[in-house]
Structures are given as C-alpha cells and as structure tokens.
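Working notes, beginning with the structure itself.
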Amino acid sequence: MLPRVLCTLPLPEPFASRVALHAEIVNLGAILPEEELVAAVREYRPAVLVPQLRDAVTARVLEAALPELKGVAIYAVGYNNIDRTVLRSHGLVLANTPDVLTAATADCALALILAVARRVVEGDRIMREDSFTGWTPDYLLGVELDGAVLGIVGFGRIGQAVARRARAFGMSILYVPHHQGAECPPDLQDCSREVSLAECCREADVVSLHAPLTSETRHLIDAGALRSMKRTAILVNTSRGPLVDEDALATALEEGWIFGAGLDVYEDEPHAHPRLRTAPNAVLLPHVGSATGATRARMADVCADNVLALLAGTPPPHPVALD
C-alpha cells in the first residue's frame with residue numbers, strides 16, 4: 001500500500017505527476033477550520049502533510065497525524081502558521097519552497113512602489129469614471145523615484161532582488177539586515193548602506209518590508225515608526241501582514257503622515273482593514289506576490305522534491321531549522 005500525501009489544496013504540475021508515482025495524493029480542496037483539519041488528518045493518516053500558508057497547522061493537527069507523519073512540506077516560503085515546537089519534539093521535519101519566488105515577489109514590490117508613487121490606481125479609476133477634465137500643471141502629482149532613497153527592511157534574497165531592481169530607477173539603498181551578521185552582497189556594496197530601523201524610517205523615501213514574521217517583528221511598523229517617516233514617504237509590504245500595525249497605518253494615510261502605501265499582505269488576511277479599503281492613497285493587492293504561472297510551477301516542483309525526500313526518509317533539499 002502506498003503512503004499518503006495530504007494536500008489541503010491541489011498543487012500545480014508537476015507536483016501530482018511526480019509524487020503520484022510514489023504515494024497516494026489526497027486533496028482536501030479547501031482551507032479547513034482546525035477541527036475539520038484534525039479530523040481529516042486522523043482519517044487519512046498521511047506520511048507527509050502539504051499545507052498552504054493559510055492553514056493553521058497547530059499542535060492538535062500535527063499530533064493527530066502521529067505516528068505515521070514523517071514531516072511537513074509547505075507550499076510556501078513562510079512557515080509561521082506551523083507549530084514547530086511539536087515537530088521538533090517528535091523529530092519531524094519541515095521543508096519549504098525558498099528561492100524560486102524571489103524574482104516574482106521582487107517584481108510585485110516594485111509594481112507597488114510605482115503604482116503608489118505615480119498614483120496609478122487613482123488615475124485608472126478617474127478614467128473609468130470618465131471624470132478626467134483635462135491636464136493641468138498640478139494634477140495628480142506623484143513622487144519621483146530617480147534619486148530617491150529606498151529603505152529595505154529585511155535584506156535577504158527578496159530584499160536584495162528589490163534593491164537590484166530599484167537601482168535601475170536611480171534609487172540609492174538603505175537596508176536593515178534580516179538577521180545579525182548578515183552581509184551585503186558584493187554587487188550591492190557600492191550603492192547600499194546598513195542602518196537601524198529608526199534611521200531607515202527617518203531617511204528613506206520608500207520603505208519596503210521583507211522581514212520574516214516573528215514575535216520581534218510583529219507590528220515592527222507601528223505608529224511611532226510611521227510618524228518618523230517623511231510626509232512624502234511610501235510604505236510597501238509584500239512580506240507578512242502583521243509586520244504592520246494596520247490601524248496605525250490607516251491613521252497615517254488619513255492624516256497625511258506619509259504619502260501612501262502599497263500592500264500585498266494583511267494582518268487579518270484575507271481581509272484588509274476597512275479603513276485601508278477606503279484610503280485613496282493605498283494600493284491593495286490580494287497576496288499575489290508569487291502569482292505567475294512559471295513561479296507557482298517551480299514552487300510545485302520544489303515542493304515535490306521535499307515530499308519525495310520525506311517519503312524516502314532522506315533529508316529534504318530545503319529543510320527549515322526548527323530551533
């Protein structure tokens with residue numbers, strides 16, 4: 001009898017064609033509440049669980065899969081939705097899909113920067129409403145990026161990819177390291193400078209967030225950070241919603257503490273703060289940072305690599321440290 005791989009949602013090819021040769025794939029077809037996910041795990045007893053970032057993989061979910069469970073292969077880079085304490089205590093393995101979505105997410109961050117800076121969504125709405133009355137010198141003025149300072153909070157793969165793209169727009173780079181001892185890559189050393197978060201917020205014309213979500217980074221951008229930013233500054237978040245205090249951000253946008261914000265992730269995802277939804281100076285995307293066909297297929301391929309290794313009892317190519 002083949003071991004089971006339990007996916008909460010079906011994954012793009014080549015996941016199924018690769019994994020089906022070695023395991024029975026069960027697709028739940030939905031993001032389930034904890035009770036229902038526990039029941040499904042108990043029913044199917046998977047050797048490998050393949051959740052999405054929206055799944056709450058709690059201690060109860062993981063313990064319900066014991067003793068058959070060998071590990072978890074999340075179809076995402078982030079894994080803050082998984083109880084890693086339980087995995088560690090039972091000697092289980094967690095794997096993710098890094099690297100392959102770097103370019104797509106960096107492109108999304110640049111798209112948000114440009115959309116907010118040049119008020120693209122406001123202009124689109126004006127034309128659709130047929131309310132444009134003609135060009136004037138001060139109409140729909142935006143923010144110039146050439147010569148502006150980009151502050152990157154979390155200077156890992158995606159943050160560095162954003163920096164490289166920003167250089168093409170004539171921007172200089174400030175960065176807050178993603179962890180202690182992180183080094184700036186050689187190709188960015190001549191245009192980048194390491195700073196504290198406070199200095200980044202104070203000096204940058206655009207602040208782009210690329211840090212992981214931890215207890216230390218939750219609400220990293222709060223009312224104090226927003227008040228310290230320039231009134232002409234832009235905040236962009238393509239990392240994790242809870243990095244930003246959305247209530248404070250809504251106030252900042254309403255009262256003009258900053259120029260605007262571009263968000264792809266939210267505190268209470270899939271819902272955006274109601275005051276952000278009505279803010280004309282906010283550009284809101286529905287968590288599409290990695291949403292290209294090629295990227296999602298590469299993620300599925302990497303996820304299949306991880307699953308096949310877990311099934312074989314060998315270390316997956318992309319393990320997550322559980323300490």
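Naming works like this for the structure tokens: A, B, ... for the chains as they're shown, residue 1 at the start of each chain, ligands 1 onward in shown order.
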
Neighbour list for Val48 in chain A as JSON, numbers by chain, cut-off 9 Å, only C-alpha atoms, skip fewer than 6 positions in-chain: {"A": [3, 4, 5, 6, 7, 68, 69, 70, 71, 72, 73, 307, 310, 311]}

Could you please take those selected residues and save C-alpha atoms as a CSV table (one decimal), in the first residue's frame?
```csv
chain,number,residue,atom,x,y,z
A,3,PRO,CA,1.9,6.0,1.7
A,4,ARG,CA,-0.4,9.0,1.7
A,5,VAL,CA,0.4,12.7,1.0
A,6,LEU,CA,-2.3,15.0,2.2
A,7,CYS,CA,-2.6,18.4,0.4
A,68,GLU,CA,2.6,7.9,10.6
A,69,LEU,CA,3.6,11.5,9.9
A,70,LYS,CA,7.2,11.9,8.7
A,71,GLY,CA,7.2,15.6,8.0
A,72,VAL,CA,5.5,18.7,6.6
A,73,ALA,CA,6.3,20.2,3.2
A,307,VAL,CA,7.9,15.4,-0.4
A,310,LEU,CA,10.5,12.8,3.2
A,311,LEU,CA,8.8,9.7,1.8
```

Find the nearest atom pair between each residue of range 127-189 of chain A and range 199-222 of chain A for residues within 7 Å, count only C-alpha atoms, give distances in Å to one decimal, sort rows by chain and ascending number, and present the table as a Markdown table.
```
| residue | atom | partner | partner_atom | distance |
| --- | --- | --- | --- | --- |
| A:Ala148 | CA | A:Asp205 | CA | 5.9 |
| A:Val149 | CA | A:Ala204 | CA | 5.0 |
| A:Leu150 | CA | A:Val206 | CA | 4.9 |
| A:Gly151 | CA | A:Val207 | CA | 4.6 |
| A:Ile152 | CA | A:Ser208 | CA | 5.0 |
| A:Val153 | CA | A:Leu209 | CA | 4.9 |
| A:Gly154 | CA | A:Ala211 | CA | 4.3 |
| A:Phe155 | CA | A:His210 | CA | 7.0 |
| A:Ile158 | CA | A:His210 | CA | 6.8 |
| A:Gly159 | CA | A:His210 | CA | 5.7 |
| A:Leu174 | CA | A:Cys200 | CA | 6.5 |
| A:His178 | CA | A:Ala211 | CA | 6.0 |
```

Selection to disk with C-alpha atoms, as a short mmCIF file (atom, residue, chain, number, x, y, z; two decimals), in the first residue's frame:
```
data_model
loop_
_atom_site.label_atom_id
_atom_site.label_comp_id
_atom_site.auth_asym_id
_atom_site.auth_seq_id
_atom_site.Cartn_x
_atom_site.Cartn_y
_atom_site.Cartn_z
CA ALA A 148 15.13 58.73 -4.10
CA VAL A 149 16.22 56.54 -1.18
CA LEU A 150 14.82 53.02 -0.85
CA GLY A 151 14.87 51.55 2.65
CA ILE A 152 14.70 47.76 2.71
CA VAL A 153 13.77 46.10 6.00
CA GLY A 154 14.99 42.50 5.81
CA PHE A 155 17.88 42.18 3.37
CA ILE A 158 13.92 39.11 -1.93
CA GLY A 159 15.10 42.34 -0.32
CA LEU A 174 19.48 51.73 2.89
CA HIS A 178 17.32 40.35 8.15
#
```

Please identify the strand (DSSP E or B) residues within range 116-277 of chain A (assignment by DSSP from backbone atoms) and present them as a PDB file with N, CA and C atoms, in the first residue's frame.
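So states37.pdb came out as:
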```pdb
ATOM      1  N   VAL A 149      15.579  57.519  -2.048  1.00  0.00           N
ATOM      2  CA  VAL A 149      16.223  56.538  -1.178  1.00  0.00           C
ATOM      3  C   VAL A 149      15.232  55.426  -0.869  1.00  0.00           C
ATOM      4  N   LEU A 150      15.636  54.190  -1.162  1.00  0.00           N
ATOM      5  CA  LEU A 150      14.819  53.024  -0.845  1.00  0.00           C
ATOM      6  C   LEU A 150      15.353  52.378   0.419  1.00  0.00           C
ATOM      7  N   GLY A 151      14.506  52.251   1.428  1.00  0.00           N
ATOM      8  CA  GLY A 151      14.867  51.553   2.653  1.00  0.00           C
ATOM      9  C   GLY A 151      14.287  50.152   2.641  1.00  0.00           C
ATOM     10  N   ILE A 152      15.131  49.152   2.764  1.00  0.00           N
ATOM     11  CA  ILE A 152      14.697  47.758   2.712  1.00  0.00           C
ATOM     12  C   ILE A 152      14.857  47.148   4.094  1.00  0.00           C
ATOM     13  N   VAL A 153      13.757  46.699   4.661  1.00  0.00           N
ATOM     14  CA  VAL A 153      13.765  46.097   5.997  1.00  0.00           C
ATOM     15  C   VAL A 153      13.711  44.584   5.832  1.00  0.00           C
ATOM     16  N   SER A 172      19.030  55.004  -4.411  1.00  0.00           N
ATOM     17  CA  SER A 172      20.084  54.510  -3.527  1.00  0.00           C
ATOM     18  C   SER A 172      19.433  53.679  -2.429  1.00  0.00           C
ATOM     19  N   ILE A 173      20.220  52.839  -1.757  1.00  0.00           N
ATOM     20  CA  ILE A 173      19.661  51.809  -0.881  1.00  0.00           C
ATOM     21  C   ILE A 173      20.148  51.950   0.553  1.00  0.00           C
ATOM     22  N   LEU A 174      19.213  51.950   1.480  1.00  0.00           N
ATOM     23  CA  LEU A 174      19.484  51.730   2.893  1.00  0.00           C
ATOM     24  C   LEU A 174      18.898  50.368   3.233  1.00  0.00           C
ATOM     25  N   TYR A 175      19.548  49.607   4.095  1.00  0.00           N
ATOM     26  CA  TYR A 175      18.969  48.314   4.446  1.00  0.00           C
ATOM     27  C   TYR A 175      19.147  48.011   5.926  1.00  0.00           C
ATOM     28  N   VAL A 176      18.124  47.340   6.455  1.00  0.00           N
ATOM     29  CA  VAL A 176      18.143  46.820   7.815  1.00  0.00           C
ATOM     30  C   VAL A 176      18.326  45.317   7.691  1.00  0.00           C
ATOM     31  N   SER A 192      24.696  50.600  -1.340  1.00  0.00           N
ATOM     32  CA  SER A 192      23.839  50.261  -0.205  1.00  0.00           C
ATOM     33  C   SER A 192      24.552  50.585   1.105  1.00  0.00           C
ATOM     34  N   ARG A 193      23.765  50.930   2.107  1.00  0.00           N
ATOM     35  CA  ARG A 193      24.327  51.234   3.422  1.00  0.00           C
ATOM     36  C   ARG A 193      23.454  50.627   4.505  1.00  0.00           C
ATOM     37  N   GLU A 194      24.079  49.915   5.449  1.00  0.00           N
ATOM     38  CA  GLU A 194      23.346  49.312   6.557  1.00  0.00           C
ATOM     39  C   GLU A 194      22.984  50.377   7.579  1.00  0.00           C
ATOM     40  N   VAL A 206      11.107  55.545   0.319  1.00  0.00           N
ATOM     41  CA  VAL A 206      10.269  54.344   0.217  1.00  0.00           C
ATOM     42  C   VAL A 206      10.803  53.334   1.220  1.00  0.00           C
ATOM     43  N   VAL A 207       9.919  52.766   2.036  1.00  0.00           N
ATOM     44  CA  VAL A 207      10.291  51.698   2.958  1.00  0.00           C
ATOM     45  C   VAL A 207       9.586  50.427   2.496  1.00  0.00           C
ATOM     46  N   SER A 208      10.379  49.400   2.149  1.00  0.00           N
ATOM     47  CA  SER A 208       9.820  48.146   1.649  1.00  0.00           C
ATOM     48  C   SER A 208      10.163  47.026   2.624  1.00  0.00           C
ATOM     49  N   LEU A 209       9.154  46.273   3.052  1.00  0.00           N
ATOM     50  CA  LEU A 209       9.311  45.267   4.100  1.00  0.00           C
ATOM     51  C   LEU A 209       9.526  43.877   3.514  1.00  0.00           C
ATOM     52  N   ILE A 221       6.344  47.982  12.164  1.00  0.00           N
ATOM     53  CA  ILE A 221       5.956  49.321  11.705  1.00  0.00           C
ATOM     54  C   ILE A 221       4.694  49.714  12.469  1.00  0.00           C
ATOM     55  N   ILE A 234       6.654  56.473   1.149  1.00  0.00           N
ATOM     56  CA  ILE A 234       5.776  55.366   0.752  1.00  0.00           C
ATOM     57  C   ILE A 234       6.172  54.122   1.544  1.00  0.00           C
ATOM     58  N   LEU A 235       5.176  53.400   2.051  1.00  0.00           N
ATOM     59  CA  LEU A 235       5.404  52.124   2.726  1.00  0.00           C
ATOM     60  C   LEU A 235       4.880  51.002   1.843  1.00  0.00           C
ATOM     61  N   VAL A 236       5.691  49.951   1.656  1.00  0.00           N
ATOM     62  CA  VAL A 236       5.290  48.790   0.857  1.00  0.00           C
ATOM     63  C   VAL A 236       5.504  47.536   1.692  1.00  0.00           C
ATOM     64  N   ASN A 237       4.514  46.634   1.678  1.00  0.00           N
ATOM     65  CA  ASN A 237       4.643  45.370   2.406  1.00  0.00           C
ATOM     66  C   ASN A 237       4.236  44.207   1.506  1.00  0.00           C
ATOM     67  N   VAL A 244       2.971  45.104  10.083  1.00  0.00           N
ATOM     68  CA  VAL A 244       2.451  46.469  10.121  1.00  0.00           C
ATOM     69  C   VAL A 244       1.229  46.544  11.033  1.00  0.00           C
ATOM     70  N   GLY A 260       1.734  57.489   0.921  1.00  0.00           N
ATOM     71  CA  GLY A 260       0.885  56.377   0.502  1.00  0.00           C
ATOM     72  C   GLY A 260       1.468  55.041   0.911  1.00  0.00           C
ATOM     73  N   ALA A 261       0.722  53.982   0.613  1.00  0.00           N
ATOM     74  CA  ALA A 261       1.149  52.623   0.964  1.00  0.00           C
ATOM     75  C   ALA A 261       0.709  51.649  -0.109  1.00  0.00           C
ATOM     76  N   GLY A 262       1.525  50.618  -0.311  1.00  0.00           N
ATOM     77  CA  GLY A 262       1.184  49.525  -1.211  1.00  0.00           C
ATOM     78  C   GLY A 262       1.303  48.215  -0.463  1.00  0.00           C
ATOM     79  N   LEU A 263       0.221  47.454  -0.413  1.00  0.00           N
ATOM     80  CA  LEU A 263       0.181  46.235   0.401  1.00  0.00           C
ATOM     81  C   LEU A 263      -0.243  45.036  -0.434  1.00  0.00           C
ATOM     82  N   ASP A 268      -5.210  40.539   8.972  1.00  0.00           N
ATOM     83  CA  ASP A 268      -6.341  39.628   9.125  1.00  0.00           C
ATOM     84  C   ASP A 268      -6.698  39.028   7.768  1.00  0.00           C
ATOM     85  N   HIS A 271      -8.802  39.404   4.769  1.00  0.00           N
ATOM     86  CA  HIS A 271      -9.486  40.704   4.867  1.00  0.00           C
ATOM     87  C   HIS A 271      -8.486  41.827   5.097  1.00  0.00           C
TER      88      HIS A 271
END
```

For Asp264 in chain A, the nearest of the candidates A:Ala300, A:Ala109, A:Leu140, A:Val116, counting only C-alpha atoms: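 The closest residue to Asp264 in chain A is A:Ala109.
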
Helix (DSSP H, G or I) residues, from DSSP on the backbone, in range 37-233 of chain A, as a PyMOL selection string: chain A and resi 37-44+59-64+84-89+102-117+120-128+157-167+186-188+197-203+223-228

All residues 12 Å or closer to Thr314 in chain A, only C-alpha atoms, same chain fewer than 5 positions away omitted, as a ChimeraX atom specification: /A:70-71,92-93,305-309,319

Distance of CA of Glu13 in chain A from CA of Ala297 in chain A, expressed in Å to one decimal place: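 Calculated distance between CA of Ala297 in chain A and CA of Glu13 in chain A is 6.1 Å.
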
Residue among A:Pro177, A:Pro186, A:Pro317, A:Gly142 lying closest to Val302 in chain A, counting only C-alpha atoms: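 Closest residue, counting only C-alpha atoms: A:Pro317.
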
Distance criterion (only C-alpha atoms): nearest to Pro280 in chain A out of A:Asp323, A:Asp190, A:Glu254, A:Asp245: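 Comparing A:Asp323, A:Asp190, A:Glu254, A:Asp245 against Pro280 in chain A, the winner is A:Glu254.
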
From A:Ala16, A:Leu197, A:Leu66, A:Ala104, residue lying nearest Thr292 in chain A [only C-alpha atoms]: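 For Thr292 in chain A, the nearest of the given residues is A:Ala104.
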
A:Thr238, A:Thr251, A:Thr136, A:Thr295 ranked by distance to Val283 in chain A, top pick (using only C-alpha atoms): A:Thr238

CA of Ala59 in chain A to CA of Val86 in chain A, distance in Å rounded to a single decimal: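 Atom-to-atom, CA of Ala59 in chain A and CA of Val86 in chain A are spaced 6.0 Å apart.
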
Best match for closeness to Arg60 in chain A among A:Gly78, A:Pro14, A:Gly123, A:Pro33, counting only C-alpha atoms: A:Pro33
